[in-house]
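This is query.tsv (TSV, C-alpha atoms).
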```tsv
chain	number	residue	atom	x	y	z
C	1	MET	CA	31.27	17.12	-2.09
C	2	ILE	CA	27.74	17.98	-1.00
C	3	ASP	CA	24.89	16.58	-3.08
C	4	VAL	CA	21.99	18.79	-4.13
C	5	ILE	CA	18.65	17.00	-3.98
C	6	ALA	CA	15.65	18.65	-5.64
C	7	HIS	CA	12.73	18.48	-3.20
C	8	ARG	CA	9.77	17.07	-5.17
C	9	GLY	CA	11.58	17.91	-8.38
C	10	LEU	CA	12.12	21.37	-9.85
C	11	HIS	CA	8.86	22.90	-8.66
C	12	THR	CA	9.88	26.54	-8.94
C	13	THR	CA	8.69	26.29	-12.55
C	14	GLU	CA	6.72	23.02	-12.64
C	15	ARG	CA	4.05	21.38	-10.52
C	16	GLU	CA	5.76	19.48	-7.70
C	17	ASN	CA	6.04	15.68	-7.80
C	18	THR	CA	5.23	15.51	-11.50
C	19	LEU	CA	7.13	14.08	-14.44
C	20	SER	CA	7.80	17.57	-15.79
C	21	ALA	CA	9.29	18.63	-12.43
C	22	PHE	CA	11.50	15.54	-12.31
C	23	ARG	CA	12.74	15.96	-15.87
C	24	ALA	CA	13.44	19.65	-15.30
C	25	ALA	CA	15.48	18.82	-12.19
C	26	VAL	CA	17.55	16.27	-14.10
C	27	ALA	CA	18.09	18.80	-16.91
C	28	LEU	CA	19.32	21.33	-14.33
C	29	GLY	CA	22.00	18.84	-13.28
C	30	VAL	CA	20.98	18.02	-9.71
C	31	ASP	CA	22.56	15.03	-8.01
C	32	GLY	CA	19.21	13.59	-7.01
C	33	VAL	CA	15.49	14.11	-6.62
C	34	GLU	CA	13.28	13.54	-3.58
C	35	LEU	CA	9.73	12.31	-4.14
C	36	ASP	CA	6.81	11.05	-2.04
C	37	VAL	CA	5.07	7.71	-2.50
C	38	ARG	CA	1.56	6.70	-1.50
C	39	ARG	CA	-0.69	3.77	-2.38
C	40	THR	CA	-4.14	4.00	-3.89
C	41	GLN	CA	-7.11	1.91	-2.84
C	42	ASP	CA	-6.51	-0.43	-5.78
C	43	GLY	CA	-2.86	-0.93	-4.82
C	44	VAL	CA	-1.04	1.39	-7.22
C	45	LEU	CA	2.02	3.29	-5.98
C	46	VAL	CA	1.64	6.95	-6.92
C	47	VAL	CA	3.78	10.03	-6.29
C	48	HIS	CA	2.12	12.81	-4.30
C	49	HIS	CA	2.98	14.60	-1.08
C	50	ASP	CA	-0.38	15.21	0.55
C	51	SER	CA	-2.74	12.42	1.50
C	52	VAL	CA	-5.59	14.16	-0.29
C	53	ILE	CA	-6.10	15.76	-3.70
C	54	GLY	CA	-9.07	18.07	-3.45
C	55	PRO	CA	-11.94	15.90	-2.16
C	56	LEU	CA	-10.10	12.66	-2.90
C	57	VAL	CA	-8.27	10.70	-0.21
C	58	ILE	CA	-5.58	8.86	-2.14
C	59	ALA	CA	-5.68	5.73	0.04
C	60	GLN	CA	-9.43	5.53	-0.51
C	61	SER	CA	-9.41	6.26	-4.25
C	62	ALA	CA	-8.70	4.24	-7.36
C	63	ARG	CA	-5.72	5.20	-9.49
C	64	SER	CA	-8.08	6.08	-12.34
C	65	ALA	CA	-9.85	8.67	-10.17
C	66	LEU	CA	-6.69	10.73	-9.59
C	67	PRO	CA	-5.67	13.63	-11.83
C	68	GLU	CA	-3.53	12.75	-14.83
C	69	TYR	CA	-0.61	14.80	-13.53
C	70	VAL	CA	-0.12	12.34	-10.64
C	71	PRO	CA	2.49	9.81	-11.83
C	72	THR	CA	3.02	6.27	-10.69
C	73	LEU	CA	6.30	5.48	-8.97
C	74	ALA	CA	7.44	3.50	-11.99
C	75	GLU	CA	6.73	6.45	-14.30
C	76	ALA	CA	8.60	8.80	-11.96
C	77	LEU	CA	11.65	6.57	-11.87
C	78	ASP	CA	11.66	6.33	-15.66
C	79	SER	CA	11.82	10.13	-15.83
C	80	LEU	CA	14.83	10.40	-13.51
C	81	GLU	CA	17.52	8.68	-15.53
C	82	GLY	CA	20.80	10.46	-14.88
C	83	ALA	CA	20.10	11.27	-11.22
C	84	ARG	CA	19.62	9.43	-7.96
C	85	VAL	CA	16.30	9.28	-6.15
C	86	ASN	CA	15.21	9.60	-2.54
C	87	VAL	CA	11.91	7.72	-2.25
C	88	GLU	CA	10.01	8.89	0.81
C	89	ILE	CA	7.38	6.40	1.90
C	90	LYS	CA	4.40	8.31	3.26
C	91	ASN	CA	3.27	6.05	6.07
C	92	GLY	CA	1.89	8.28	8.79
C	93	ARG	CA	-0.77	8.30	11.46
C	94	GLY	CA	-2.13	11.82	10.98
C	95	ALA	CA	-5.50	13.01	9.76
C	96	ALA	CA	-6.51	11.52	6.40
C	97	GLU	CA	-3.48	9.22	6.53
C	98	SER	CA	-3.74	5.45	6.20
C	99	TYR	CA	-1.04	3.82	8.31
C	100	ASP	CA	0.11	0.45	7.05
C	101	GLU	CA	0.75	-1.88	10.00
C	102	THR	CA	1.43	-4.91	7.80
C	103	GLY	CA	4.57	-3.74	6.00
C	104	ASP	CA	2.98	-4.38	2.61
C	105	LEU	CA	3.52	-0.79	1.50
C	106	ALA	CA	7.26	-0.95	2.19
C	107	ARG	CA	7.51	-4.33	0.48
C	108	GLN	CA	5.73	-3.02	-2.59
C	109	VAL	CA	7.95	0.05	-2.78
C	110	LEU	CA	11.09	-2.08	-2.56
C	111	SER	CA	9.76	-4.45	-5.21
C	112	ASN	CA	8.91	-1.56	-7.53
C	113	VAL	CA	12.31	0.07	-7.08
C	114	ASP	CA	14.06	-3.24	-7.72
C	115	GLU	CA	11.96	-4.11	-10.77
C	116	SER	CA	12.68	-0.68	-12.23
C	117	GLY	CA	16.43	-1.26	-11.83
C	118	TRP	CA	16.91	1.52	-9.28
C	119	SER	CA	18.07	-0.35	-6.17
C	120	GLU	CA	21.67	0.89	-6.45
C	121	ARG	CA	20.67	4.50	-7.13
C	122	ALA	CA	17.81	4.90	-4.67
C	123	SER	CA	17.52	5.65	-1.00
C	124	ILE	CA	14.37	4.86	0.96
C	125	SER	CA	13.29	7.28	3.67
C	126	CYS	CA	10.37	7.63	6.05
C	127	PHE	CA	9.50	9.54	9.22
C	128	ASP	CA	8.17	6.29	10.67
C	129	LEU	CA	11.01	4.45	12.40
C	130	ALA	CA	9.28	1.06	12.14
C	131	THR	CA	8.98	1.46	8.37
C	132	CYS	CA	12.69	2.26	8.05
C	133	ALA	CA	13.58	-0.73	10.21
C	134	LEU	CA	11.40	-2.99	8.08
C	135	VAL	CA	12.99	-1.75	4.87
C	136	ARG	CA	16.42	-2.50	6.28
C	137	SER	CA	15.34	-6.01	7.34
C	138	LEU	CA	13.91	-6.72	3.89
C	139	ASN	CA	16.91	-5.41	1.95
C	140	ARG	CA	20.36	-5.27	3.50
C	141	GLU	CA	21.90	-3.42	0.53
C	142	ILE	CA	19.59	-0.54	-0.28
C	143	THR	CA	20.27	2.85	1.29
C	144	VAL	CA	17.93	3.63	4.20
C	145	ALA	CA	17.58	7.13	5.64
C	146	TRP	CA	15.45	7.94	8.70
C	147	LEU	CA	13.60	11.23	8.36
C	148	LEU	CA	13.72	13.05	11.68
C	149	TRP	CA	11.06	15.19	13.29
C	150	ASP	CA	10.12	15.54	16.97
C	151	VAL	CA	13.08	13.37	17.97
C	152	ALA	CA	16.39	14.39	19.51
C	153	VAL	CA	19.07	14.20	16.84
C	154	GLY	CA	21.69	12.77	19.19
C	155	ASP	CA	19.43	9.90	20.25
C	156	ALA	CA	18.36	9.34	16.65
C	157	LEU	CA	21.97	8.94	15.51
C	158	VAL	CA	22.50	6.11	17.95
C	159	GLN	CA	19.24	4.40	17.00
C	160	ALA	CA	20.01	4.73	13.30
C	161	HIS	CA	23.46	3.24	13.79
C	162	VAL	CA	22.17	0.31	15.84
C	163	LEU	CA	19.46	-0.43	13.27
C	164	GLY	CA	21.94	-0.41	10.41
C	165	PHE	CA	20.65	2.63	8.55
C	166	ASN	CA	22.88	4.55	6.17
C	167	ALA	CA	21.73	8.08	6.94
C	168	VAL	CA	19.53	10.39	8.92
C	169	ASN	CA	17.56	13.19	7.26
C	170	PRO	CA	16.93	15.91	9.88
C	171	HIS	CA	15.61	19.44	9.48
C	172	PHE	CA	18.58	21.71	8.80
C	173	SER	CA	17.86	23.86	11.87
C	174	THR	CA	18.87	20.95	14.15
C	175	VAL	CA	22.24	20.35	12.47
C	176	ASP	CA	25.70	21.80	13.00
C	177	ALA	CA	29.25	20.59	12.46
C	178	GLU	CA	29.23	18.72	15.78
C	179	VAL	CA	26.15	16.72	14.74
C	180	VAL	CA	27.75	15.87	11.41
C	181	ALA	CA	31.00	14.80	13.08
C	182	ARG	CA	29.13	12.53	15.49
C	183	ALA	CA	27.16	11.03	12.61
C	184	ARG	CA	30.35	10.34	10.69
C	185	ASP	CA	31.75	8.56	13.74
C	186	LEU	CA	28.68	6.33	13.58
C	187	GLN	CA	29.10	5.82	9.82
C	188	LEU	CA	25.99	7.81	8.98
C	189	ASP	CA	25.40	10.43	6.30
C	190	VAL	CA	23.44	13.57	7.18
C	191	ASN	CA	21.02	14.82	4.53
C	192	VAL	CA	19.25	17.99	5.64
C	193	TRP	CA	15.85	19.35	4.62
C	194	THR	CA	14.49	21.73	3.40
C	195	VAL	CA	17.27	24.29	2.86
C	196	ASN	CA	16.22	27.24	0.68
C	197	ARG	CA	18.06	30.40	1.80
C	198	ALA	CA	21.62	31.18	0.76
C	199	GLU	CA	22.80	31.76	4.34
C	200	ASP	CA	21.38	28.42	5.48
C	201	LEU	CA	22.88	26.61	2.51
C	202	GLU	CA	26.24	28.17	3.34
C	203	ARG	CA	25.94	27.08	6.97
C	204	MET	CA	25.15	23.51	5.93
C	205	SER	CA	28.06	23.57	3.51
C	206	ASP	CA	30.35	24.73	6.31
C	207	ALA	CA	29.03	21.89	8.48
C	208	HIS	CA	29.94	19.43	5.69
C	209	VAL	CA	26.57	17.68	5.48
C	210	SER	CA	26.28	14.93	2.89
C	211	ALA	CA	23.35	16.44	1.01
C	212	VAL	CA	20.97	19.37	1.01
C	213	ILE	CA	17.35	18.74	0.08
C	214	THR	CA	16.02	21.99	-1.33
C	215	ASP	CA	13.13	23.71	-3.09
C	216	ASP	CA	15.64	25.88	-4.95
C	217	PRO	CA	18.22	23.53	-6.46
C	218	ALA	CA	19.62	26.21	-8.79
C	219	LEU	CA	20.52	28.41	-5.82
C	220	ALA	CA	21.79	25.41	-3.86
C	221	ARG	CA	24.09	24.35	-6.69
C	222	ALA	CA	25.51	27.86	-6.89
C	223	VAL	CA	26.11	28.09	-3.14
C	224	VAL	CA	27.56	24.60	-2.82
C	225	THR	CA	29.91	25.29	-5.73
C	226	ARG	CA	30.98	28.60	-4.20
C	227	SER	CA	31.46	27.02	-0.79
C	228	SER	CA	33.41	24.01	-2.10
C	229	PRO	CA	37.10	23.96	-1.04
C	230	THR	CA	38.06	23.28	-4.66
C	231	GLY	CA	35.56	25.72	-6.10
C	232	THR	CA	34.10	22.99	-8.29
C	233	GLY	CA	31.19	21.68	-6.24
C	234	ARG	CA	28.78	19.38	-8.04
```
Rendering of file as structure tokens:
Amino acid sequence: MIDVIAHRGLHTTERENTLSAFRAAVALGVDGVELDVRRTQDGVLVVHHDSVIGPLVIAQSARSALPEYVPTLAEALDSLEGARVNVEIKNGRGAAESYDETGDLARQVLSNVDESGWSERASISCFDLATCALVRSLNREITVAWLLWDVAVGDALVQAHVLGFNAVNPHFSTVDAEVVARARDLQLDVNVWTVNRAEDLERMSDAHVSAVITDDPALARAVVTRSSPTGTGR
């Protein structure tokens, strides 16, 4: 069966990466929710995709200065009971980003996930390979998925296998049945992002990916169910 993961919650009707979006996704019956984690200047883990909110740079702002709709990671996890969660650690080197060289961000995320009782239902992902490798070294049991961009998928599969990751999360346009078969040979799941059109969802279903990360989970659930060999889907 192919899992349907709501990208930043159900944000077709709610503001993305908010408690209302997460609860709406769970109510819809998705298999999981993807969310983005950053750290404020005063060390609080909050859920937001972009590094800035209006004039505020999250890494340079106190938690109290952020809008009320921005939840903490702990609050987000509390809202997701009944689903799994893909926690993307935002640790990049781009403009307005604050790259953590020390590994403290990854350690704090793992500690928060563990303290919230989510270690067995969470996967940790990041575009930064070093962050993924650190997460794996710190916790041998939690699911680790390397987000892929600007890297050859074939090479990434080998690296992910050698480093002991559980999955790769590439853009759907780089994936076909051959990629999935090679990943399975290396004991890796393939979770594709961000798949929003029916024809692309059908192609990913035909390729037998492990999960689709989507902005339209209602459509994805309908397509995955229709494309399922048993007609039941998830």
With all atoms listed in the file as the atoms that count, which of C:Leu186, C:Ile58, C:Ala177, C:Ile142 lies nearest to Met204 in chain C?
C:Ala177
Of the candidates C:Val70, C:Ala130, C:Ser64, C:Ala106, which one gets nearest to Arg15 in chain C if we count all atoms listed in the file?
C:Val70
Selection: 7 Å around Leu10 in chain C, only C-alpha atoms, excl. self and same-chain fewer than 3 positions, as a PDB file with C-alpha atoms, in the coordinates of the input:
```pdb
ATOM      1  CA  ALA C   6      15.650  18.650  -5.640  1.00  0.00           C
ATOM      2  CA  THR C  13       8.690  26.290 -12.550  1.00  0.00           C
ATOM      3  CA  GLU C  14       6.720  23.020 -12.640  1.00  0.00           C
ATOM      4  CA  GLU C  16       5.760  19.480  -7.700  1.00  0.00           C
ATOM      5  CA  ALA C  21       9.290  18.630 -12.430  1.00  0.00           C
ATOM      6  CA  PHE C  22      11.500  15.540 -12.310  1.00  0.00           C
ATOM      7  CA  ALA C  24      13.440  19.650 -15.300  1.00  0.00           C
ATOM      8  CA  ALA C  25      15.480  18.820 -12.190  1.00  0.00           C
TER       9      ALA C  25
END
```
With distances taken over only C-alpha atoms, which residue among C:Leu147, C:Leu73, C:Leu129, C:Val158 lies nearest Arg39 in chain C?
C:Leu73
Write out as an MDAnalysis selection string each polymer residue whose atoms come within 10 Å of Arg63 in chain C, counting only C-alpha atoms; drop sequence neighbours fewer than 5 positions from it.
chainID C and resid 39:46 58 68 70:72
List as an NGL selection string the protein and nucleic acid residues near Leu19 in chain C, meaning an atom at most 8 Å away when only C-alpha atoms are counted, but skip any in the same chain fewer than 3 places from it.
:C and (22-23 or 69 or 71 or 75-76 or 79)
Would you save the residues of that selection, restricted to C-alpha atoms, as a PDB file, in the coordinates of the input?
```
ATOM      1  CA  PHE C  22      11.500  15.540 -12.310  1.00  0.00           C
ATOM      2  CA  ARG C  23      12.740  15.960 -15.870  1.00  0.00           C
ATOM      3  CA  TYR C  69      -0.610  14.800 -13.530  1.00  0.00           C
ATOM      4  CA  PRO C  71       2.490   9.810 -11.830  1.00  0.00           C
ATOM      5  CA  GLU C  75       6.730   6.450 -14.300  1.00  0.00           C
ATOM      6  CA  ALA C  76       8.600   8.800 -11.960  1.00  0.00           C
ATOM      7  CA  SER C  79      11.820  10.130 -15.830  1.00  0.00           C
TER       8      SER C  79
END
```
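Considering the residues C:Gly92, C:Gly32, C:Pro67, C:Pro55 and counting only C-alpha atoms, Thr18 in chain C has its shortest atom-to-atom contact with C:Pro67.
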Name the residues in contact with Asp50 in chain C at a cut-off of 12 Å, using only C-alpha atoms, excluding same-chain residues fewer than 3 positions from it; report them as number ranges by chain.
C: 8, 16-17, 35-39, 46-47, 53-59, 70, 89-92, 94-98
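Among C:Ser137, C:Glu178, C:Arg197, C:Val85, the residue with the shortest atom-to-atom distance to Asp215 in chain C, counting only C-alpha atoms, is C:Arg197.
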Can you measure CA of Cys132 in chain C to CA of Val144 in chain C for me? One decimal in Å is fine.
6.6 Å
Just want the 12 Å neighbourhood of Arg221 in chain C, counted on only C-alpha atoms, with same-chain residues fewer than 5 positions away dropped. Output as number ranges by chain.
C: 1-6, 25, 28-32, 195-196, 198, 201-202, 205, 211-216, 226-228, 231-234
Residues of the last selection are to be written out with C-alpha atoms, as a tab-separated table (two decimals), in the coordinates of the input.
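Final file, selection.tsv:
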```
chain	number	residue	atom	x	y	z
C	1	MET	CA	31.27	17.12	-2.09
C	2	ILE	CA	27.74	17.98	-1.00
C	3	ASP	CA	24.89	16.58	-3.08
C	4	VAL	CA	21.99	18.79	-4.13
C	5	ILE	CA	18.65	17.00	-3.98
C	6	ALA	CA	15.65	18.65	-5.64
C	25	ALA	CA	15.48	18.82	-12.19
C	28	LEU	CA	19.32	21.33	-14.33
C	29	GLY	CA	22.00	18.84	-13.28
C	30	VAL	CA	20.98	18.02	-9.71
C	31	ASP	CA	22.56	15.03	-8.01
C	32	GLY	CA	19.21	13.59	-7.01
C	195	VAL	CA	17.27	24.29	2.86
C	196	ASN	CA	16.22	27.24	0.68
C	198	ALA	CA	21.62	31.18	0.76
C	201	LEU	CA	22.88	26.61	2.51
C	202	GLU	CA	26.24	28.17	3.34
C	205	SER	CA	28.06	23.57	3.51
C	211	ALA	CA	23.35	16.44	1.01
C	212	VAL	CA	20.97	19.37	1.01
C	213	ILE	CA	17.35	18.74	0.08
C	214	THR	CA	16.02	21.99	-1.33
C	215	ASP	CA	13.13	23.71	-3.09
C	216	ASP	CA	15.64	25.88	-4.95
C	226	ARG	CA	30.98	28.60	-4.20
C	227	SER	CA	31.46	27.02	-0.79
C	228	SER	CA	33.41	24.01	-2.10
C	231	GLY	CA	35.56	25.72	-6.10
C	232	THR	CA	34.10	22.99	-8.29
C	233	GLY	CA	31.19	21.68	-6.24
C	234	ARG	CA	28.78	19.38	-8.04
```
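Nearest to Arg84 in chain C of all the residues C:Val33, C:Leu134, C:Leu148, C:Leu66 is C:Val33, based on all atoms listed in the file.
For the atom pair formed by CA of Leu188 in chain C and CA of Ala83 in chain C, the distance is 21.3 Å, given to one decimal.
Coordinates place CA of Ser119 in chain C at a distance of 24.8 Å from CA of Ala156 in chain C.
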